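A quick write-up on the structure given underneath.
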Amino acid sequence: MEDGYIKRKVLTPEQAYVKIRHYCAFQERTHQEVKTKLAGYGISWHQASELLSKLIEDGFLNEERFAKAFAGGKFRIKGWGRKKIEAELKKRYIADYSIRKAIREEIGQEDYEKMAMKLIEKKWSSLTSPGDTAFVKQSKTRQYLFMRGYENDVITRVMKLFLCKD
């Protein structure tokens, strides 16, 4: 190590392709993640583009598949709403078409409203402070769902159902 720099082994395109195939086979990846990884291997931009094309042809890299896995996972596991999922996918440079398709196919309206109801019940029961009137609880719960990426019309509809249930 000289002057604080770490020497990195530069890979040939063939070596990089073998490593990047394993990287993509392990879990779904975005094109940007793969480009960054290839840059770390010392691969030029032009060579990286060629490797990216080859990965797509061989089925190791698929933007739509990534978007579907991401949207489905974040919705089912973390309870994220459509808006938050869409924003995160845009941050990862996923095409709008792939985002819309993933959200439409992975998140059904009935499941979406059930998840919103579950989150409302969870948040409502957690608000136990003496100053939390029904109005304050409703406001805090609504804000919580906004932060989770749910749309206003869905929040309003599910909130009405929740308040009528009590």
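Numbering starts fresh at 1 for the residues of each chain in the structure tokens, the chains themselves are lettered A, B, ... in the order given, and ligands are numbered from 1 as they appear.
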| Which of stretch 6-158 of chain A fall in helix (DSSP H, G or I), as a ChimeraX atom specification | /A:13-26,31-40,45-57,63-78,82-91,96-106,109-126,134-147,152-158
Grab the residues selected above and save them as a compact mmCIF listing (two decimals), in the first residue's frame with C-alpha atoms.
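In the end it all went to out06.txt:
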# COMPACT_ATOMS: atom_id res chain seq x y z
CA PRO A 13 -13.61 -9.18 -19.32
CA GLU A 14 -13.85 -12.99 -19.33
CA GLN A 15 -12.94 -13.24 -15.63
CA ALA A 16 -15.30 -10.38 -14.81
CA TYR A 17 -18.13 -12.10 -16.71
CA VAL A 18 -17.73 -15.28 -14.67
CA LYS A 19 -17.75 -13.34 -11.38
CA ILE A 20 -20.62 -11.06 -12.37
CA ARG A 21 -22.74 -14.07 -13.44
CA HIS A 22 -22.44 -15.45 -9.91
CA TYR A 23 -23.24 -12.00 -8.52
CA CYS A 24 -26.44 -11.83 -10.60
CA ALA A 25 -27.41 -15.46 -9.95
CA PHE A 26 -27.27 -14.92 -6.19
CA HIS A 31 -28.31 -2.64 -14.26
CA GLN A 32 -26.76 0.12 -12.17
CA GLU A 33 -25.59 -2.30 -9.45
CA VAL A 34 -23.94 -4.48 -12.08
CA LYS A 35 -22.24 -1.49 -13.77
CA THR A 36 -20.87 -0.36 -10.39
CA LYS A 37 -19.57 -3.84 -9.61
CA LEU A 38 -17.92 -4.12 -13.03
CA ALA A 39 -16.25 -0.74 -12.53
CA GLY A 40 -14.84 -2.12 -9.29
CA TRP A 45 -17.47 1.51 -19.70
CA HIS A 46 -17.52 0.05 -23.22
CA GLN A 47 -16.65 -3.47 -22.01
CA ALA A 48 -19.19 -3.17 -19.19
CA SER A 49 -21.92 -2.37 -21.74
CA GLU A 50 -21.01 -5.47 -23.74
CA LEU A 51 -21.03 -7.65 -20.61
CA LEU A 52 -24.37 -6.15 -19.57
CA SER A 53 -25.86 -7.08 -22.96
CA LYS A 54 -24.50 -10.61 -22.64
CA LEU A 55 -25.97 -10.95 -19.11
CA ILE A 56 -29.36 -9.82 -20.39
CA GLU A 57 -29.22 -12.27 -23.32
CA GLU A 63 -35.10 -5.27 -15.05
CA GLU A 64 -38.75 -6.38 -14.95
CA ARG A 65 -37.92 -9.42 -12.85
CA PHE A 66 -35.98 -7.23 -10.41
CA ALA A 67 -38.86 -4.74 -10.18
CA LYS A 68 -41.40 -7.53 -9.50
CA ALA A 69 -39.23 -9.12 -6.81
CA PHE A 70 -38.55 -5.76 -5.18
CA ALA A 71 -42.18 -4.57 -5.26
CA GLY A 72 -43.58 -7.87 -4.01
CA GLY A 73 -41.02 -8.19 -1.23
CA LYS A 74 -41.28 -4.64 0.06
CA PHE A 75 -45.07 -4.84 0.04
CA ARG A 76 -45.43 -8.25 1.71
CA ILE A 77 -42.53 -8.04 4.16
CA LYS A 78 -42.25 -4.35 5.01
CA ARG A 82 -47.23 1.84 -3.98
CA LYS A 83 -45.84 5.38 -3.86
CA LYS A 84 -42.83 4.42 -1.73
CA ILE A 85 -42.08 1.35 -3.84
CA GLU A 86 -42.31 3.44 -7.00
CA ALA A 87 -39.96 6.10 -5.58
CA GLU A 88 -37.39 3.49 -4.52
CA LEU A 89 -37.44 1.80 -7.92
CA LYS A 90 -36.99 5.17 -9.64
CA LYS A 91 -33.99 5.81 -7.40
CA ASP A 96 -41.38 3.49 -15.64
CA TYR A 97 -42.91 0.67 -17.70
CA SER A 98 -41.24 -1.98 -15.52
CA ILE A 99 -42.30 -0.14 -12.34
CA ARG A 100 -45.95 0.09 -13.38
CA LYS A 101 -46.03 -3.54 -14.51
CA ALA A 102 -44.43 -4.80 -11.29
CA ILE A 103 -46.80 -2.83 -9.06
CA ARG A 104 -49.85 -3.90 -11.07
CA GLU A 105 -48.89 -7.59 -11.06
CA GLU A 106 -47.48 -7.92 -7.55
CA GLN A 109 -56.13 -4.05 -4.61
CA GLU A 110 -57.70 -6.35 -2.01
CA ASP A 111 -54.33 -7.30 -0.49
CA TYR A 112 -53.29 -3.66 -0.59
CA GLU A 113 -56.31 -2.56 1.43
CA LYS A 114 -55.89 -5.48 3.87
CA MET A 115 -52.28 -4.40 4.47
CA ALA A 116 -53.41 -0.79 4.99
CA MET A 117 -56.03 -1.98 7.50
CA LYS A 118 -53.43 -4.06 9.34
CA LEU A 119 -51.10 -1.04 9.55
CA ILE A 120 -53.94 1.19 10.77
CA GLU A 121 -54.84 -1.29 13.51
CA LYS A 122 -51.19 -1.60 14.55
CA LYS A 123 -50.61 2.16 14.67
CA TRP A 124 -53.94 2.92 16.37
CA SER A 125 -53.28 0.45 19.17
CA SER A 126 -49.76 1.85 19.70
CA ALA A 134 -59.68 10.07 18.44
CA PHE A 135 -58.87 13.05 16.19
CA VAL A 136 -55.16 12.99 17.14
CA LYS A 137 -54.99 9.22 16.69
CA GLN A 138 -56.61 9.51 13.27
CA SER A 139 -54.19 12.26 12.24
CA LYS A 140 -51.11 10.35 13.43
CA THR A 141 -52.31 7.13 11.81
CA ARG A 142 -52.99 8.92 8.51
CA GLN A 143 -49.50 10.48 8.60
CA TYR A 144 -47.99 7.06 9.34
CA LEU A 145 -49.62 5.56 6.25
CA PHE A 146 -48.50 8.51 4.10
CA MET A 147 -44.93 7.85 5.22
CA ASN A 152 -54.73 9.47 0.20
CA ASP A 153 -57.86 7.87 -1.30
CA VAL A 154 -56.86 4.41 -0.05
CA ILE A 155 -56.08 5.77 3.42
CA THR A 156 -59.42 7.59 3.59
CA ARG A 157 -61.42 4.56 2.42
CA VAL A 158 -59.71 2.10 4.78
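The spacing separating atom CA of A:Phe60 from atom CA of A:Trp80 amounts to 26.9 Å.
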| request: Could you please determine the separation between atom CA of A:Gly42 and atom CA of A:Leu11 in Å, to one decimal place? | output: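 Taking atom CA of A:Gly42 and atom CA of A:Leu11, their separation equals 6.4 Å.
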| request: Please measure the separation of atom CA of A:Ile107 and atom CA of A:Tyr150, giving the value in Å to one decimal. | output: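 Separation of atom CA of A:Ile107 and atom CA of A:Tyr150: 12.3 Å.
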